[in-house]
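*Asks:* final19.cif is reproduced below (mmCIF, C-alpha atoms).
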data_protein
loop_
_atom_site.label_atom_id
_atom_site.label_comp_id
_atom_site.auth_asym_id
_atom_site.auth_seq_id
_atom_site.Cartn_x
_atom_site.Cartn_y
_atom_site.Cartn_z
CA SER A 1 0.00 0.00 0.00
CA GLN A 2 1.15 3.54 -0.58
CA GLN A 3 2.03 5.29 2.63
CA GLY A 4 3.77 8.47 1.59
CA GLU A 5 1.85 11.38 0.18
CA GLU A 6 3.74 14.20 -1.48
CA ASP A 7 2.56 17.77 -1.59
CA PRO A 8 2.19 19.60 -3.91
CA GLN A 9 1.38 17.23 -6.77
CA ALA A 10 2.95 19.69 -9.22
CA LEU A 11 5.31 22.63 -8.78
CA SER A 12 6.52 25.12 -11.38
CA ILE A 13 9.35 27.54 -10.61
CA GLN A 14 12.04 29.52 -12.39
CA GLU A 15 15.72 28.73 -12.41
CA GLY A 16 17.47 30.03 -9.34
CA GLU A 17 14.44 29.72 -7.09
CA ASN A 18 14.15 27.18 -4.30
CA ALA A 19 11.77 24.23 -4.56
CA THR A 20 10.16 22.72 -1.50
CA MET A 21 8.27 19.43 -1.53
CA ASN A 22 6.57 17.81 1.41
CA CYS A 23 5.81 14.23 2.29
CA SER A 24 3.49 12.81 4.93
CA TYR A 25 3.29 9.22 6.06
CA LYS A 26 1.13 7.18 8.39
CA THR A 27 3.04 4.51 10.31
CA SER A 28 6.33 4.35 12.18
CA ILE A 29 9.44 4.20 10.03
CA ASN A 30 13.06 3.11 10.08
CA ASN A 31 14.03 5.71 7.51
CA LEU A 32 12.63 7.96 4.82
CA GLN A 33 14.17 8.30 1.38
CA TRP A 34 13.76 10.69 -1.52
CA TYR A 35 14.07 9.59 -5.12
CA ARG A 36 14.04 11.40 -8.42
CA GLN A 37 12.58 10.14 -11.69
CA ASN A 38 13.13 11.74 -15.05
CA SER A 39 10.29 11.14 -17.49
CA GLY A 40 10.16 7.54 -18.66
CA ARG A 41 13.24 6.52 -16.70
CA GLY A 42 14.06 4.59 -13.56
CA LEU A 43 14.31 6.16 -10.12
CA VAL A 44 17.52 7.57 -8.74
CA HIS A 45 18.16 7.65 -5.01
CA LEU A 46 18.83 11.17 -3.71
CA ILE A 47 19.05 11.07 0.05
CA LEU A 48 18.11 8.96 3.07
CA ILE A 49 17.24 10.27 6.52
CA ARG A 50 16.93 7.91 9.45
CA SER A 51 14.18 8.13 12.04
CA ASN A 52 16.58 9.47 14.68
CA GLU A 53 17.79 12.29 12.41
CA ARG A 54 16.08 15.64 12.00
CA GLU A 55 17.94 17.22 9.10
CA LYS A 56 20.34 16.15 6.40
CA HIS A 57 22.17 17.91 3.59
CA SER A 58 23.59 16.71 0.30
CA GLY A 59 24.82 19.36 -2.12
CA ARG A 60 21.83 21.56 -3.00
CA LEU A 61 19.44 19.19 -1.23
CA ARG A 62 18.17 19.63 2.30
CA VAL A 63 15.85 17.11 3.90
CA THR A 64 14.05 17.46 7.20
CA LEU A 65 12.15 14.84 9.14
CA ASP A 66 9.58 15.38 11.88
CA THR A 67 8.57 11.99 13.25
CA SER A 68 6.06 13.53 15.66
CA LYS A 69 4.16 14.95 12.69
CA LYS A 70 5.05 12.05 10.43
CA SER A 71 6.28 14.41 7.76
CA SER A 72 9.37 15.25 5.75
CA SER A 73 10.37 18.01 3.39
CA LEU A 74 12.83 18.16 0.52
CA LEU A 75 14.34 21.52 -0.37
CA ILE A 76 16.25 22.02 -3.59
CA THR A 77 18.13 25.29 -3.51
CA ALA A 78 19.10 27.39 -6.53
CA SER A 79 17.14 25.15 -8.87
CA ARG A 80 18.25 24.42 -12.42
CA ALA A 81 16.33 23.38 -15.51
CA ALA A 82 18.00 19.98 -15.16
CA ASP A 83 16.18 19.51 -11.83
CA THR A 84 12.94 19.09 -13.78
CA ALA A 85 11.66 15.63 -12.78
CA SER A 86 9.25 13.84 -10.48
CA TYR A 87 10.31 13.48 -6.88
CA PHE A 88 9.10 10.66 -4.65
CA CYS A 89 9.39 10.02 -0.96
CA ALA A 90 9.56 6.45 0.25
CA THR A 91 9.39 5.06 3.73
CA ASN A 92 11.06 1.96 5.05
CA SER A 93 9.45 0.37 8.07
CA ASN A 94 11.13 -1.76 10.70
CA SER A 95 9.17 -4.83 9.66
CA GLY A 96 10.52 -5.51 6.22
CA TYR A 97 12.55 -4.57 3.22
CA ALA A 98 9.78 -3.00 1.19
CA LEU A 99 9.76 0.69 0.39
CA ASN A 100 6.38 2.42 0.37
CA PHE A 101 6.29 5.19 -2.22
CA GLY A 102 4.07 8.22 -2.49
CA LYS A 103 2.57 9.45 -5.76
CA GLY A 104 5.27 12.04 -6.28
CA THR A 105 5.66 15.74 -6.93
CA SER A 106 6.20 16.81 -10.52
CA LEU A 107 8.72 19.67 -10.59
CA LEU A 108 9.14 21.92 -13.61
CA VAL A 109 12.02 24.40 -13.59
CA THR A 110 11.89 26.90 -16.42
CA PRO A 111 14.97 28.77 -17.65
CA SER B 1 30.48 -0.82 -10.05
CA GLN B 2 27.00 -2.27 -9.91
CA THR B 3 24.61 -2.08 -12.82
CA ILE B 4 21.06 -3.28 -13.31
CA HIS B 5 19.56 -4.18 -16.65
CA GLN B 6 15.99 -4.65 -17.75
CA TRP B 7 14.59 -5.83 -21.04
CA PRO B 8 12.78 -5.26 -23.13
CA ALA B 9 12.56 -1.48 -22.82
CA THR B 10 9.09 -1.37 -24.37
CA LEU B 11 6.55 -4.06 -25.09
CA VAL B 12 3.11 -4.10 -26.70
CA GLN B 13 1.15 -7.27 -26.11
CA PRO B 14 -2.43 -8.38 -26.80
CA VAL B 15 -4.79 -9.30 -23.99
CA GLY B 16 -4.45 -12.96 -23.09
CA SER B 17 -0.85 -13.30 -24.25
CA PRO B 18 1.98 -14.40 -21.94
CA LEU B 19 4.59 -12.09 -20.48
CA SER B 20 8.21 -12.42 -19.46
CA LEU B 21 10.25 -9.46 -18.27
CA GLU B 22 13.84 -9.96 -17.22
CA CYS B 23 16.07 -8.13 -14.81
CA THR B 24 19.73 -8.82 -14.13
CA VAL B 25 22.17 -7.22 -11.74
CA GLU B 26 25.93 -7.06 -12.19
CA GLY B 27 28.70 -6.20 -9.79
CA THR B 28 27.14 -7.43 -6.57
CA SER B 29 26.30 -10.72 -4.92
CA ASN B 30 23.26 -11.85 -2.94
CA PRO B 31 21.20 -8.74 -3.61
CA ASN B 32 17.63 -8.26 -2.51
CA LEU B 33 15.57 -7.88 -5.68
CA TYR B 34 12.27 -6.10 -6.25
CA TRP B 35 9.62 -5.68 -8.93
CA TYR B 36 7.51 -2.52 -8.90
CA ARG B 37 4.73 -1.31 -11.17
CA GLN B 38 4.04 2.35 -11.82
CA ALA B 39 0.70 3.32 -13.34
CA ALA B 40 0.48 6.60 -15.23
CA GLY B 41 0.76 9.59 -12.88
CA ARG B 42 1.04 7.42 -9.81
CA GLY B 43 3.67 6.22 -7.41
CA LEU B 44 5.27 2.83 -7.34
CA GLN B 45 3.51 -0.28 -6.16
CA LEU B 46 5.68 -3.11 -4.89
CA LEU B 47 4.71 -6.35 -6.61
CA PHE B 48 7.34 -8.87 -5.49
CA TYR B 49 10.60 -9.00 -3.61
CA SER B 50 13.20 -11.70 -3.18
CA VAL B 51 15.91 -12.19 -0.59
CA GLY B 52 17.46 -15.23 -2.27
CA ILE B 53 17.29 -17.77 -5.08
CA GLY B 54 13.84 -19.31 -5.21
CA GLN B 55 12.54 -17.07 -2.42
CA ILE B 56 9.72 -14.83 -3.60
CA SER B 57 7.36 -12.71 -1.54
CA SER B 58 4.24 -11.28 -3.12
CA GLU B 59 2.85 -7.99 -1.91
CA VAL B 60 -0.43 -7.92 -3.79
CA PRO B 61 -2.66 -10.61 -5.29
CA GLN B 62 -2.63 -10.31 -9.04
CA ASN B 63 -2.25 -11.83 -12.43
CA LEU B 64 1.54 -11.84 -12.24
CA SER B 65 4.23 -14.10 -10.84
CA ALA B 66 7.95 -13.77 -10.24
CA SER B 67 10.88 -16.13 -10.19
CA ARG B 68 14.53 -15.93 -9.26
CA PRO B 69 16.36 -18.76 -11.04
CA GLN B 70 19.80 -17.31 -10.37
CA ASP B 71 21.28 -15.04 -7.72
CA ARG B 72 21.25 -11.94 -9.89
CA GLN B 73 18.32 -12.68 -12.17
CA PHE B 74 14.71 -11.75 -11.46
CA ILE B 75 11.89 -12.54 -13.87
CA LEU B 76 8.34 -11.21 -13.93
CA SER B 77 5.79 -13.36 -15.75
CA SER B 78 2.16 -13.74 -16.61
CA LYS B 79 0.34 -16.58 -18.34
CA LYS B 80 -2.44 -14.32 -19.64
CA LEU B 81 -2.16 -10.55 -19.69
CA LEU B 82 -5.04 -8.28 -18.73
CA LEU B 83 -5.62 -4.70 -19.86
CA SER B 84 -4.98 -3.62 -16.28
CA ASP B 85 -1.45 -5.04 -16.46
CA SER B 86 -0.37 -2.07 -18.58
CA GLY B 87 2.17 0.13 -16.86
CA PHE B 88 5.81 0.88 -16.28
CA TYR B 89 7.63 -2.02 -14.61
CA LEU B 90 10.72 -1.30 -12.59
CA CYS B 91 13.23 -3.73 -11.16
CA ALA B 92 15.41 -2.70 -8.24
CA TRP B 93 18.07 -4.15 -5.98
CA SER B 94 19.42 -3.40 -2.55
CA ALA B 95 22.41 -4.76 -0.68
CA ARG B 96 21.64 -7.88 1.35
CA ASP B 97 23.62 -6.68 4.35
CA ARG B 98 22.00 -3.24 4.24
CA PRO B 99 18.30 -4.02 3.86
CA TYR B 100 17.12 -0.67 5.15
CA ASN B 101 19.23 1.38 2.81
CA GLU B 102 18.69 2.68 -0.65
CA GLN B 103 17.39 0.75 -3.60
CA PHE B 104 18.89 1.00 -7.07
CA PHE B 105 16.52 0.95 -9.98
CA GLY B 106 16.75 -0.32 -13.52
CA PRO B 107 15.64 1.71 -16.55
CA GLY B 108 12.18 0.11 -16.61
CA THR B 109 9.96 -1.65 -19.14
CA ARG B 110 6.94 0.13 -20.61
CA LEU B 111 4.21 -2.49 -21.12
CA THR B 112 1.09 -1.73 -23.11
CA VAL B 113 -1.62 -4.37 -23.23
CA LEU B 114 -4.12 -3.90 -26.06
#
For the file at hand, write its structure as structure tokens.
*Replies:*
Amino acid sequence: SQQGEEDPQALSIQEGENATMNCSYKTSINNLQWYRQNSGRGLVHLILIRSNEREKHSGRLRVTLDTSKKSSSLLITASRAADTASYFCATNSNSGYALNFGKGTSLLVTP
Amino acid sequence: SQTIHQWPATLVQPVGSPLSLECTVEGTSNPNLYWYRQAAGRGLQLLFYSVGIGQISSEVPQNLSASRPQDRQFILSSKKLLLSDSGFYLCAWSARDRPYNEQFFGPGTRLTVL
């Protein structure tokens, strides 16, 4: 079943602006991951944040996790046209190997 | 380095025909393997996962089956395709000794059932 829900479903910004995407989930997790998917391609892992972490950075990416609110956010700073893609959050529970994906946020960055 | 292959890249099949999609992983041993389906505009639905040769776990009841005849080979099959089987099928792997870490995805197979 799909646990994560991304918000917004679609986001359109201009190059140089920051993009923020949110993810909410329902049950307890071991970790939360963000993936990127270019149109018609496979998913690429971006960043993983564990349940005992609150914030994590990787290059222009910043992820936060609030386990009390069961939510996470992904911030892409100084966006580029090449950041145009769909972004998915996925949660990994303590009971198995399966990742539960949300429906994704479609990001469009215009030059 | 590890790579994951899927074929075919695209497939158009009539309703009622059989299906065989193949996924192979290179550069790693004893991976956990996964099959996902992505319907248009939706997230990924886990169909099957495998922690070893011949070990298959099914997440949802459906018209599909999976097999793992070799350590790094994962096959998705159907005896008779339905229209609802159309979608984008993704294979993924994760390291056996790091089950809670990231998954690595193949390029996917676009299946259209007519």
*Asks:* When the cut-off is 6 Å and we count only C-alpha atoms, which residues of chain A are near chain B, given as an MDAnalysis selection string?
*Replies:* chainID A and resid 41:43 97 101:103
*Asks:* Evaluate the PyMOL selection byres ((chain A and resi 33-37) around 10) on the structure here and hand back the selected residues as a PyMOL selection string.
*Replies:* (chain A and resi 23+31-32+38-50+63+72-74+83-92+99-101+104-106) or (chain B and resi 101-103)
*Asks:* In Å to one decimal, how far is CA of Ala9 in chain B from CA of Thr28 in chain B?
*Replies:*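 Separating CA of Thr28 in chain B from CA of Ala9 in chain B is a distance of 22.6 Å.
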*Asks:* Applied to this file, what does the PyMOL selection byres ((chain B and resi 13) around 7) return in terms of residues, put as a PyMOL selection string?
*Replies:* chain B and resi 11-12+14-15+17+112-114
*Asks:* Neighbourhood query: residues within 7 Å of (15.6, -5.2, -20.1), file coordinates, counting all atoms listed in the file; return as a list in words.
*Replies:*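 Output: His5, Gln6, Trp7, Pro8, Ala9, Glu22, Cys23 and Thr109 of chain B.
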*Asks:* The PyMOL selection byres ((chain B and resi 52) around 8) - which residues does that actually catch in the file I just gave you? List them as a list of chain:residue names.
*Replies:*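 So the PyMOL selection byres ((chain B and resi 52) around 8), applied here, picks out B:Asn30, B:Pro31, B:Asn32, B:Ser50, B:Val51, B:Ile53, B:Gly54, B:Gln55, B:Ile56, B:Arg68, B:Asp71.
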*Asks:* Where's the centre, and what are the edge lengths in Å to one decimal, of a box along x, y and z enclosing all listed atoms of range 44-60 of chain A padded 8 Å per side, as AutoDock Vina command-line options?
*Replies:*
--center_x 19.5 --center_y 14.6 --center_z 3.0 --size_x 26.6 --size_y 30.0 --size_z 39.4
*Asks:* Write out as a count of residues only which residues come within 10 Å of Asn63 in chain B when counting all atoms listed in the file, dropping same-chain ones fewer than 2 positions away.
*Replies:* 11
*Asks:* At what distance in Å, to one decimal, does CA of Ala40 in chain B lie from CA of Tyr25 in chain A?
*Replies:* 21.6 Å
*Asks:* Please measure the separation of CA of Ile76 in chain A and CA of Arg54 in chain A, giving the value in Å to one decimal.
*Replies:*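 So the answer is 16.8 Å.
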*Asks:* As a VMD selection string, please: the residues near Gln2 in chain B (cut-off 9 Å, all atoms listed in the file, same-chain neighbours under 6 positions excluded).
*Replies:* chain B and resid 25 to 28
*Asks:* So, with only C-alpha atoms as the atoms that count, which of A:Met21, A:Ala82, A:Ile29, A:Val109 lies closest to Thr67 in chain A?
*Replies:* A:Ile29
*Asks:* Between A:Ser79, A:Thr27, A:Ser93, A:Asn52, which has the minimum distance to Thr110 in chain A (counting all atoms listed in the file)?
*Replies:* A:Ser79
*Asks:* Check the smallest atom-to-atom distance from each of A:Ala98, A:Leu108, A:Leu75, A:Ala81 to Thr20 in chain A using only C-alpha atoms, then report the winner.
*Replies:*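 Selected residue with least distance to Thr20 in chain A: A:Leu75.
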*Asks:* Give the answer as one residue: which of B:Ser57, B:Leu76, B:Gly87, B:Leu111 has the shortest atom-to-atom distance to Thr24 in chain B, using all atoms listed in the file?
*Replies:* B:Leu76
*Asks:* With all atoms listed in the file as the counted atoms, please give the residues lying no more than 10 Å from Thr77 in chain A, apart from itself and same-chain residues fewer than 4 positions off, as a VMD selection string.
*Replies:* chain A and resid 15 to 20 59 to 62
